[in-house]
Structures are given as structure tokens and as C-alpha cells.
>>> print(open('coords-v2.cif').read())   # mmCIF, C-alpha atoms
data_final
loop_
_atom_site.label_atom_id
_atom_site.label_comp_id
_atom_site.auth_asym_id
_atom_site.auth_seq_id
_atom_site.Cartn_x
_atom_site.Cartn_y
_atom_site.Cartn_z
CA MET A 1 -18.67 0.34 -21.85
CA PRO A 2 -20.48 -3.02 -22.11
CA SER A 3 -24.24 -3.26 -21.79
CA THR A 4 -23.79 -6.01 -19.19
CA THR A 5 -21.15 -6.68 -16.57
CA LEU A 6 -17.98 -8.11 -18.12
CA LEU A 7 -15.02 -9.79 -16.39
CA THR A 8 -11.85 -9.93 -18.50
CA VAL A 9 -9.02 -12.25 -17.43
CA ASP A 10 -5.55 -11.36 -18.73
CA LEU A 11 -3.54 -14.58 -18.81
CA ASP A 12 -0.48 -12.73 -20.11
CA ALA A 13 -0.53 -10.67 -16.90
CA LEU A 14 -0.80 -13.91 -14.91
CA ALA A 15 2.27 -15.26 -16.72
CA HIS A 16 4.16 -12.02 -16.03
CA ASN A 17 3.39 -12.26 -12.31
CA TYR A 18 4.50 -15.90 -12.21
CA ARG A 19 7.81 -14.98 -13.83
CA GLN A 20 8.26 -12.04 -11.45
CA ILE A 21 7.83 -14.28 -8.41
CA ALA A 22 10.14 -16.91 -9.89
CA ALA A 23 12.82 -14.26 -10.37
CA ASP A 24 12.44 -13.08 -6.76
CA ALA A 25 12.19 -16.50 -5.08
CA ALA A 26 15.92 -17.17 -4.59
CA GLY A 27 15.89 -20.22 -6.83
CA ALA A 28 12.93 -21.89 -5.12
CA GLU A 29 10.30 -23.80 -7.09
CA VAL A 30 7.13 -21.74 -7.63
CA ALA A 31 4.04 -23.83 -6.86
CA PRO A 32 0.89 -21.77 -7.54
CA VAL A 33 -2.09 -21.68 -5.20
CA VAL A 34 -5.22 -21.86 -7.38
CA LYS A 35 -7.87 -22.46 -4.73
CA ALA A 36 -11.45 -21.20 -5.06
CA ASP A 37 -11.59 -21.81 -8.82
CA GLY A 38 -8.33 -19.99 -9.44
CA TYR A 39 -9.34 -17.09 -7.18
CA GLY A 40 -12.60 -16.90 -9.06
CA LEU A 41 -11.04 -16.51 -12.51
CA GLY A 42 -11.43 -20.07 -13.79
CA VAL A 43 -9.05 -22.77 -12.60
CA GLY A 44 -8.80 -24.44 -16.00
CA PRO A 45 -7.37 -21.59 -18.10
CA VAL A 46 -5.39 -20.26 -15.11
CA ALA A 47 -3.69 -23.56 -14.34
CA ARG A 48 -3.05 -24.45 -17.97
CA ARG A 49 -1.30 -21.13 -18.56
CA LEU A 50 0.77 -21.57 -15.40
CA TRP A 51 1.70 -25.05 -16.63
CA GLN A 52 2.97 -23.45 -19.86
CA GLU A 53 5.11 -21.15 -17.71
CA GLY A 54 6.67 -24.14 -15.94
CA ALA A 55 4.49 -24.83 -12.88
CA ARG A 56 4.35 -28.53 -12.05
CA ARG A 57 2.98 -28.46 -8.50
CA PHE A 58 -0.30 -26.77 -7.53
CA PHE A 59 -2.14 -26.15 -4.27
CA VAL A 60 -5.89 -26.10 -3.74
CA ALA A 61 -7.97 -25.91 -0.57
CA ARG A 62 -10.74 -28.47 -1.06
CA LEU A 63 -10.91 -32.03 -2.34
CA SER A 64 -13.54 -30.97 -4.89
CA GLU A 65 -11.18 -28.24 -6.15
CA GLY A 66 -8.46 -30.83 -6.62
CA GLU A 67 -10.78 -33.05 -8.63
CA ALA A 68 -11.78 -30.12 -10.85
CA LEU A 69 -8.14 -29.15 -11.37
CA ARG A 70 -7.15 -32.70 -12.28
CA THR A 71 -9.87 -32.73 -14.94
CA ALA A 72 -8.81 -29.30 -16.22
CA LEU A 73 -5.16 -30.34 -16.54
CA ALA A 74 -6.14 -33.54 -18.36
CA HIS A 75 -3.02 -35.51 -19.37
CA ARG A 76 -0.58 -33.12 -17.69
CA GLU A 77 1.30 -34.87 -14.88
CA ALA A 78 1.09 -32.18 -12.23
CA GLN A 79 1.11 -32.77 -8.49
CA ILE A 80 -2.03 -31.34 -6.88
CA ILE A 81 -1.86 -30.82 -3.12
CA VAL A 82 -5.06 -30.44 -1.07
CA LEU A 83 -4.54 -28.12 1.89
CA ASP A 84 -7.62 -29.35 3.79
CA GLY A 85 -5.74 -32.60 4.40
CA LEU A 86 -7.32 -36.04 4.50
CA THR A 87 -10.91 -35.47 5.56
CA ASP A 88 -13.13 -38.37 6.65
CA GLY A 89 -14.00 -40.71 3.80
CA ALA A 90 -11.84 -38.85 1.26
CA ALA A 91 -9.11 -41.45 0.67
CA ASP A 92 -10.76 -43.17 -2.29
CA ARG A 93 -11.56 -39.89 -4.05
CA MET A 94 -8.03 -38.63 -3.39
CA SER A 95 -6.60 -41.75 -4.98
CA ALA A 96 -8.98 -41.71 -7.94
CA SER A 97 -7.85 -38.21 -8.95
CA ASP A 98 -4.20 -38.72 -7.95
CA LEU A 99 -4.33 -35.96 -5.35
CA THR A 100 -1.81 -35.44 -2.55
CA PRO A 101 -3.17 -34.51 0.89
CA ALA A 102 -1.33 -32.05 3.10
CA LEU A 103 -1.67 -34.15 6.25
CA THR A 104 -2.43 -32.12 9.37
CA GLY A 105 -2.69 -34.78 12.08
CA LEU A 106 -0.98 -37.97 13.23
CA ASP A 107 -4.24 -39.86 12.64
CA GLN A 108 -4.21 -38.71 9.01
CA ILE A 109 -0.74 -40.21 8.52
CA ASP A 110 -2.06 -43.56 9.75
CA SER A 111 -5.24 -43.36 7.67
CA TRP A 112 -3.46 -42.43 4.43
CA GLY A 113 -0.91 -45.18 4.93
CA ALA A 114 -3.62 -47.75 5.69
CA ALA A 115 -5.38 -46.99 2.40
CA GLY A 116 -2.76 -49.16 0.67
CA GLY A 117 -0.57 -48.83 -2.41
CA PRO A 118 2.17 -46.26 -3.07
CA ARG A 119 0.94 -42.81 -2.06
CA ARG A 120 2.52 -39.38 -1.91
CA CYS A 121 1.91 -37.02 0.97
CA VAL A 122 2.81 -33.62 2.39
CA LEU A 123 3.10 -32.82 6.10
CA HIS A 124 1.72 -29.46 7.23
CA PHE A 125 2.98 -28.14 10.60
CA ASP A 126 1.48 -25.24 12.53
CA THR A 127 4.35 -22.95 13.53
CA GLY A 128 2.10 -20.10 14.65
CA MET A 129 -0.65 -19.48 12.09
CA ASN A 130 -3.07 -21.33 14.42
CA ARG A 131 -5.23 -22.56 11.59
CA LEU A 132 -4.28 -26.06 10.41
CA GLY A 133 -1.32 -28.30 11.01
CA LEU A 134 0.54 -30.81 13.11
CA ALA A 135 2.04 -29.59 16.37
CA CYS A 136 5.74 -28.78 16.03
CA ALA A 137 6.43 -30.77 19.17
CA GLY A 138 5.11 -33.84 17.34
CA ALA A 139 7.61 -33.72 14.48
CA SER A 140 9.62 -36.71 15.73
CA GLU A 141 6.47 -38.75 16.25
CA ALA A 142 5.25 -37.84 12.77
CA ALA A 143 8.57 -39.01 11.32
CA ALA A 144 8.29 -42.27 13.26
CA ARG A 145 4.77 -42.92 12.02
CA LEU A 146 5.83 -42.29 8.44
CA ALA A 147 8.65 -44.79 8.89
CA ARG A 148 6.03 -47.39 9.80
CA GLN A 149 4.11 -46.69 6.58
CA PRO A 150 6.28 -48.08 3.76
CA HIS A 151 3.70 -47.14 1.09
CA LEU A 152 3.94 -43.41 1.86
CA GLN A 153 6.34 -41.09 0.07
CA LEU A 154 6.86 -37.75 1.80
CA ASP A 155 7.28 -35.08 -0.88
CA LEU A 156 7.20 -31.88 1.16
CA VAL A 157 7.13 -30.49 4.69
CA MET A 158 5.36 -27.13 4.94
CA SER A 159 4.10 -24.42 7.25
CA HIS A 160 2.44 -21.03 6.80
CA LEU A 161 3.51 -17.59 8.01
CA ALA A 162 0.96 -15.51 9.90
CA ARG A 163 2.51 -12.02 9.59
CA ALA A 164 4.66 -12.14 6.46
CA ALA A 165 3.05 -8.99 5.06
CA ASP A 166 4.72 -7.13 7.95
CA PRO A 167 8.45 -7.80 7.39
CA SER A 168 9.46 -6.28 10.73
CA HIS A 169 7.09 -8.39 12.81
CA PRO A 170 8.99 -10.63 15.26
CA LYS A 171 6.61 -13.52 14.69
CA ASN A 172 8.20 -14.16 11.29
CA GLY A 173 11.53 -15.00 12.90
CA ARG A 174 9.89 -17.11 15.60
CA GLN A 175 8.03 -19.15 13.00
CA ALA A 176 11.16 -19.61 10.88
CA GLN A 177 13.01 -20.86 13.96
CA ALA A 178 10.21 -23.26 14.88
CA PHE A 179 10.11 -24.56 11.32
CA ALA A 180 13.87 -25.11 11.30
CA ALA A 181 13.42 -27.46 14.27
CA VAL A 182 10.67 -29.33 12.39
CA ARG A 183 12.81 -29.62 9.26
CA ALA A 184 15.57 -31.29 11.25
CA ALA A 185 13.27 -34.29 11.79
CA PHE A 186 12.97 -34.83 8.01
CA PRO A 187 16.46 -34.64 6.52
CA GLY A 188 16.58 -34.52 2.73
CA VAL A 189 12.87 -33.65 2.33
CA ARG A 190 11.93 -30.49 0.43
CA THR A 191 10.40 -27.73 2.54
CA SER A 192 8.02 -24.78 2.07
CA LEU A 193 7.24 -21.84 4.34
CA ALA A 194 6.58 -18.79 2.14
CA ALA A 195 3.39 -17.79 0.34
CA SER A 196 3.18 -14.52 -1.62
CA ALA A 197 4.43 -12.20 1.12
CA GLY A 198 6.96 -14.67 2.50
CA VAL A 199 8.89 -14.64 -0.78
CA TYR A 200 9.87 -11.04 -0.01
CA LEU A 201 11.27 -11.83 3.43
CA GLY A 202 14.37 -13.24 1.71
CA ALA A 203 16.08 -16.50 0.82
CA ASP A 204 15.92 -17.83 4.39
CA TYR A 205 12.14 -17.96 4.01
CA CYS A 206 11.91 -19.14 0.39
CA LEU A 207 13.55 -22.53 1.11
CA ASP A 208 12.79 -25.14 -1.60
CA VAL A 209 9.22 -24.31 -2.65
CA VAL A 210 7.17 -21.10 -2.47
CA ARG A 211 3.37 -21.04 -2.70
CA PRO A 212 2.16 -17.73 -4.14
CA GLY A 213 -1.55 -17.07 -4.37
CA ILE A 214 -2.80 -13.49 -4.35
CA SER A 215 0.31 -12.00 -5.98
CA LEU A 216 -0.10 -14.28 -8.99
CA PHE A 217 -3.37 -12.49 -9.63
CA GLY A 218 -1.98 -8.98 -9.17
CA GLY A 219 -2.22 -8.35 -5.44
CA GLY A 220 0.81 -6.71 -3.84
CA PRO A 221 2.57 -9.18 -1.52
CA LEU A 222 2.69 -6.62 1.30
CA GLU A 223 -1.05 -5.89 1.04
CA ARG A 224 -0.62 -2.65 -0.91
CA PRO A 225 -0.30 -1.90 -4.63
CA ASP A 226 2.99 -3.04 -6.13
CA ASP A 227 4.03 -1.97 -9.62
CA ARG A 228 5.93 -5.22 -10.17
CA PHE A 229 2.63 -7.08 -10.47
CA ARG A 230 -0.03 -6.68 -13.14
CA ALA A 231 -3.76 -6.89 -12.58
CA VAL A 232 -5.12 -10.14 -14.00
CA ALA A 233 -8.82 -9.28 -13.69
CA ARG A 234 -10.67 -6.30 -15.12
CA LEU A 235 -14.33 -5.75 -14.24
CA GLN A 236 -16.49 -3.47 -16.39
CA THR A 237 -20.12 -2.66 -15.76
CA PRO A 238 -22.55 0.07 -16.90
CA VAL A 239 -23.34 2.95 -14.56
CA LEU A 240 -27.13 3.24 -14.38
CA GLN A 241 -27.31 6.51 -12.49
CA VAL A 242 -25.11 9.09 -10.78
CA ARG A 243 -26.40 11.04 -7.80
CA GLU A 244 -25.07 13.63 -5.38
#
>>> encode(input="coords-v2.cif", output="C-alpha cells")
Amino acid sequence: MPSTTLLTVDLDALAHNYRQIAADAAGAEVAPVVKADGYGLGVGPVARRLWQEGARRFFVARLSEGEALRTALAHREAQIIVLDGLTDGAADRMSASDLTPALTGLDQIDSWGAAGGPRRCVLHFDTGMNRLGLACAGASEAAARLARQPHLQLDLVMSHLARAADPSHPKNGRQAQAFAAVRAAFPGVRTSLAASAGVYLGADYCLDVVRPGISLFGGGPLERPDDRFRAVARLQTPVLQVRE
């Protein structure tokens, strides 16, 4: 037992979990979510090992996380998508670090297009998570606004499942149906609906890209232990006293 608290990160376990998800994802691209400094384990070593395993597209939550990840990946030409979208005054910093915003409003489409020069973007629609995203009813208008922005390249259309850890919940089917209607407005564009749990709802949910987060780091996708996944973090600390 160490004399101080010690956190050990097992990057081989991380690689195993990535390969497990890739095998289960019905042929979809696996794009890791490495927000919050790689779930607190160090975004640099985490992302570089995932790059070695074949990951070329990463998701983070914050602009600052995207900047840190771009620095950590150095010369590697990965796409880094910022889930917060295009916050006020962020366009120049996004461009400087070659980050891709997941746009969550019609105004963000206009602002990102007005920033000038060729720019990639992702559209995030809210199909029922009620957290972030464009309204599904606005899919046609979003497509029209993109058409008026010749500098923008739409790489991905995405949404997020609210109850994927409960495979029998009817909301999963309702969200998939709503997202199918959104996808129809963007023919030929790659799509993403499933995070860790969504992968295990089947091929109809995996689509083109899956976005695992917690299961990469050893968490069971259905919010209970799962022997297919290995723990990436091990925490050791001395016990100072035991009492009854």
C-alpha cells in the first residue's frame, strides 16, 4: 500500500474497451468522448492512446478542453468537436485551434458562417434529452440556412438519447423516430445518436458514428458492472484507522 494516495491509469485497459465497443458498434465509427480532462485521467495520454487504436474524431464539452486536446494531439490531424456549441466570442479561438462546434441554434449557424473561410460544423438536434440542441421541427430551416453559408461544411448530424441505459424504455424508440425525420433533411450526411449505452440498443441506433464516454473508462453501458469492460483507473490510499 502506498504511503500517499496513488491513481494508476491503465491505458491497455482503455485500448481493450475501445476495441470492445468497436466490435459491438455494427460497423460504426467510434469517436471517443474525452471531456473533463479525459474523465479526470489526463486527456493527453488518453487521447494519444485512442489515436493509436484508430480514433480520428473526438468529442469534448468545453472550448478550453478542445484547445487542451489540440495541444496534446500535436501534429495528429484529428477532428475535435465541442459539444457546448459556438458560445459568444468563441469563433476566433475555435478557428485558431481548428475545433468544430456542435451547433445548437439557428443563430449559431449564421454566426459560424459569418466568421469567414472554410469551416466544418456539426448540427446537434434535441430529440428528447432536453439539454442542448436545435428543435427537430427546425431541421428544414437549419438545412436552408446552411445552404446560404457556402463556407460551411456539415460533417455530422447528431442527437443524444435520454434513456438508453434502459433498453425497454419507450422513449428510445420515440427519439430514434424523431431523429429519422431530422436525418431526412440532410441526405448523405453522416449521423450519430448513440453514446455508450446506445451502442447496445442495436444497429438501428449505432448509425454512422457512436460516441462512447463512460464505457471507454470501464463503466458498464447499462449503469451496472459489465465484465466486457476493464477498469481503467485504480485508486490506492492508506487506511489511517479502522473503527467499529
>>> axis_aligned_box(input="coords-v2.cif", around="stretch 111-126 of chain A", padding_each_side="6 Å", output="JSON")
{"center_x": -1.1, "center_y": -37.2, "center_z": 4.7, "size_x": 20.5, "size_y": 35.9, "size_z": 27.6}
>>> resolve_selection(input="coords-v2.cif", expression="the PyMOL selection byres ((chain A and resi 2-17) around 7)", output="count of residues only")
21
>>> resolve_selection(input="coords-v2.cif", expression="the PyMOL selection byres ((chain A and resi 198-209) around 8)", output="number ranges by chain")
A: 21, 24-31, 161, 164-165, 167, 176, 190-197, 210-211, 221
>>> closest_atom_pairs(input="coords-v2.cif", of="stretch 94-131 of chain A", to="stretch 73-79 of chain A", cutoff="10 Å", atoms="all atoms listed in the file", output="CSV")
residue,atom,partner,partner_atom,distance
A:Asp98,CA,A:Gln79,CA,8.0
A:Leu99,CA,A:Gln79,CA,7.0
A:Thr100,CA,A:Gln79,CA,7.1
A:Arg120,CA,A:Gln79,CA,9.4
>>> atom_distance(input="coords-v2.cif", atom1="atom CA of A:Val34", atom2="atom CA of A:Arg57")
10.6 Å
>>> residues_near_point(input="coords-v2.cif", point="(-6.8, -29.6, -0.9)", cutoff="12 Å", atoms="all atoms listed in the file", output="ChimeraX atom specification")
/A:33-36,58-70,79-87,90,93-94,97-104,121-122,124
>>> atom_distance(input="coords-v2.cif", atom1="atom CA of A:Ala55", atom2="atom CA of A:Gly38")
14.1 Å
>>> resolve_selection(input="coords-v2.cif", expression="the PyMOL selection byres ((chain A and resi 127) around 8)", output="list of chain:residue names")
A:Phe125, A:Asp126, A:Gly128, A:Met129, A:Asn130, A:Ala135, A:Cys136, A:Ser159, A:His160, A:Leu161, A:Gln175, A:Ala178, A:Phe179
>>> closest_residue(input="coords-v2.cif", among="A:Leu106, A:Gln52, A:Tyr39, A:Arg119", to="A:Leu154", atoms="all atoms listed in the file")
A:Arg119
>>> decode(input="coords-v2.cif", residues="stretch 78-91 of chain A", atoms="all heavy atoms", output="PDB file, in the first residue's frame")
ATOM      1  N   ALA A  78      -6.636  15.130 -36.046  1.00  0.00           N
ATOM      2  CA  ALA A  78      -7.916  14.648 -35.541  1.00  0.00           C
ATOM      3  C   ALA A  78      -8.956  15.758 -35.621  1.00  0.00           C
ATOM      4  O   ALA A  78      -8.632  16.943 -35.522  1.00  0.00           O
ATOM      5  CB  ALA A  78      -7.772  14.195 -34.089  1.00  0.00           C
ATOM      6  N   GLN A  79     -10.218  15.359 -35.791  1.00  0.00           N
ATOM      7  CA  GLN A  79     -11.310  16.318 -35.664  1.00  0.00           C
ATOM      8  C   GLN A  79     -11.737  16.352 -34.201  1.00  0.00           C
ATOM      9  O   GLN A  79     -11.989  15.312 -33.591  1.00  0.00           O
ATOM     10  CB  GLN A  79     -12.503  15.947 -36.543  1.00  0.00           C
ATOM     11  CG  GLN A  79     -13.622  16.997 -36.471  1.00  0.00           C
ATOM     12  CD  GLN A  79     -14.810  16.664 -37.359  1.00  0.00           C
ATOM     13  OE1 GLN A  79     -15.099  15.506 -37.611  1.00  0.00           O
ATOM     14  NE2 GLN A  79     -15.503  17.689 -37.817  1.00  0.00           N
ATOM     15  N   ILE A  80     -11.832  17.554 -33.653  1.00  0.00           N
ATOM     16  CA  ILE A  80     -12.229  17.743 -32.255  1.00  0.00           C
ATOM     17  C   ILE A  80     -13.528  18.540 -32.251  1.00  0.00           C
ATOM     18  O   ILE A  80     -13.563  19.683 -32.716  1.00  0.00           O
ATOM     19  CB  ILE A  80     -11.139  18.477 -31.456  1.00  0.00           C
ATOM     20  CG1 ILE A  80      -9.833  17.669 -31.470  1.00  0.00           C
ATOM     21  CG2 ILE A  80     -11.610  18.731 -30.030  1.00  0.00           C
ATOM     22  CD1 ILE A  80      -8.647  18.410 -30.872  1.00  0.00           C
ATOM     23  N   ILE A  81     -14.588  17.931 -31.729  1.00  0.00           N
ATOM     24  CA  ILE A  81     -15.917  18.534 -31.744  1.00  0.00           C
ATOM     25  C   ILE A  81     -16.256  19.014 -30.338  1.00  0.00           C
ATOM     26  O   ILE A  81     -16.143  18.263 -29.367  1.00  0.00           O
ATOM     27  CB  ILE A  81     -16.961  17.520 -32.241  1.00  0.00           C
ATOM     28  CG1 ILE A  81     -16.621  17.099 -33.677  1.00  0.00           C
ATOM     29  CG2 ILE A  81     -18.370  18.104 -32.173  1.00  0.00           C
ATOM     30  CD1 ILE A  81     -17.417  15.906 -34.170  1.00  0.00           C
ATOM     31  N   VAL A  82     -16.697  20.266 -30.239  1.00  0.00           N
ATOM     32  CA  VAL A  82     -17.019  20.896 -28.956  1.00  0.00           C
ATOM     33  C   VAL A  82     -18.531  20.876 -28.769  1.00  0.00           C
ATOM     34  O   VAL A  82     -19.272  21.529 -29.510  1.00  0.00           O
ATOM     35  CB  VAL A  82     -16.483  22.339 -28.903  1.00  0.00           C
ATOM     36  CG1 VAL A  82     -16.837  22.987 -27.568  1.00  0.00           C
ATOM     37  CG2 VAL A  82     -14.967  22.360 -29.114  1.00  0.00           C
ATOM     38  N   LEU A  83     -18.992  20.127 -27.766  1.00  0.00           N
ATOM     39  CA  LEU A  83     -20.421  19.908 -27.571  1.00  0.00           C
ATOM     40  C   LEU A  83     -21.155  21.143 -27.046  1.00  0.00           C
ATOM     41  O   LEU A  83     -22.378  21.251 -27.194  1.00  0.00           O
ATOM     42  CB  LEU A  83     -20.636  18.729 -26.629  1.00  0.00           C
ATOM     43  CG  LEU A  83     -20.212  17.366 -27.197  1.00  0.00           C
ATOM     44  CD1 LEU A  83     -20.194  16.314 -26.100  1.00  0.00           C
ATOM     45  CD2 LEU A  83     -21.139  16.943 -28.329  1.00  0.00           C
ATOM     46  N   ASP A  84     -20.441  22.070 -26.423  1.00  0.00           N
ATOM     47  CA  ASP A  84     -21.092  23.298 -25.953  1.00  0.00           C
ATOM     48  C   ASP A  84     -21.602  24.157 -27.103  1.00  0.00           C
ATOM     49  O   ASP A  84     -22.381  25.083 -26.887  1.00  0.00           O
ATOM     50  CB  ASP A  84     -20.110  24.136 -25.124  1.00  0.00           C
ATOM     51  CG  ASP A  84     -20.125  23.745 -23.655  1.00  0.00           C
ATOM     52  OD1 ASP A  84     -20.912  22.868 -23.271  1.00  0.00           O
ATOM     53  OD2 ASP A  84     -19.329  24.326 -22.891  1.00  0.00           O
ATOM     54  N   GLY A  85     -21.131  23.895 -28.307  1.00  0.00           N
ATOM     55  CA  GLY A  85     -21.528  24.704 -29.459  1.00  0.00           C
ATOM     56  C   GLY A  85     -20.678  25.958 -29.588  1.00  0.00           C
ATOM     57  O   GLY A  85     -19.574  26.057 -29.032  1.00  0.00           O
ATOM     58  N   LEU A  86     -21.197  26.927 -30.308  1.00  0.00           N
ATOM     59  CA  LEU A  86     -20.476  28.177 -30.558  1.00  0.00           C
ATOM     60  C   LEU A  86     -20.942  29.213 -29.551  1.00  0.00           C
ATOM     61  O   LEU A  86     -21.947  29.898 -29.760  1.00  0.00           O
ATOM     62  CB  LEU A  86     -20.728  28.658 -31.987  1.00  0.00           C
ATOM     63  CG  LEU A  86     -19.919  29.877 -32.431  1.00  0.00           C
ATOM     64  CD1 LEU A  86     -18.429  29.555 -32.486  1.00  0.00           C
ATOM     65  CD2 LEU A  86     -20.388  30.375 -33.790  1.00  0.00           C
ATOM     66  N   THR A  87     -20.230  29.321 -28.445  1.00  0.00           N
ATOM     67  CA  THR A  87     -20.586  30.299 -27.425  1.00  0.00           C
ATOM     68  C   THR A  87     -20.138  31.690 -27.870  1.00  0.00           C
ATOM     69  O   THR A  87     -19.312  31.843 -28.781  1.00  0.00           O
ATOM     70  CB  THR A  87     -19.934  29.929 -26.086  1.00  0.00           C
ATOM     71  OG1 THR A  87     -18.524  29.726 -26.291  1.00  0.00           O
ATOM     72  CG2 THR A  87     -20.537  28.639 -25.550  1.00  0.00           C
ATOM     73  N   ASP A  88     -20.677  32.718 -27.224  1.00  0.00           N
ATOM     74  CA  ASP A  88     -20.394  34.100 -27.615  1.00  0.00           C
ATOM     75  C   ASP A  88     -18.894  34.384 -27.585  1.00  0.00           C
ATOM     76  O   ASP A  88     -18.215  34.094 -26.594  1.00  0.00           O
ATOM     77  CB  ASP A  88     -21.112  35.072 -26.675  1.00  0.00           C
ATOM     78  CG  ASP A  88     -22.620  35.070 -26.875  1.00  0.00           C
ATOM     79  OD1 ASP A  88     -23.070  34.572 -27.920  1.00  0.00           O
ATOM     80  OD2 ASP A  88     -23.336  35.561 -25.985  1.00  0.00           O
ATOM     81  N   GLY A  89     -18.393  34.954 -28.671  1.00  0.00           N
ATOM     82  CA  GLY A  89     -16.997  35.355 -28.748  1.00  0.00           C
ATOM     83  C   GLY A  89     -16.008  34.230 -28.944  1.00  0.00           C
ATOM     84  O   GLY A  89     -14.794  34.448 -28.841  1.00  0.00           O
ATOM     85  N   ALA A  90     -16.498  33.015 -29.239  1.00  0.00           N
ATOM     86  CA  ALA A  90     -15.600  31.850 -29.308  1.00  0.00           C
ATOM     87  C   ALA A  90     -15.079  31.564 -30.706  1.00  0.00           C
ATOM     88  O   ALA A  90     -14.191  30.725 -30.869  1.00  0.00           O
ATOM     89  CB  ALA A  90     -16.324  30.611 -28.784  1.00  0.00           C
ATOM     90  N   ALA A  91     -15.601  32.230 -31.732  1.00  0.00           N
ATOM     91  CA  ALA A  91     -15.280  31.856 -33.114  1.00  0.00           C
ATOM     92  C   ALA A  91     -13.784  31.921 -33.402  1.00  0.00           C
ATOM     93  O   ALA A  91     -13.225  31.007 -34.035  1.00  0.00           O
ATOM     94  CB  ALA A  91     -16.055  32.734 -34.085  1.00  0.00           C
TER      95      ALA A  91
END
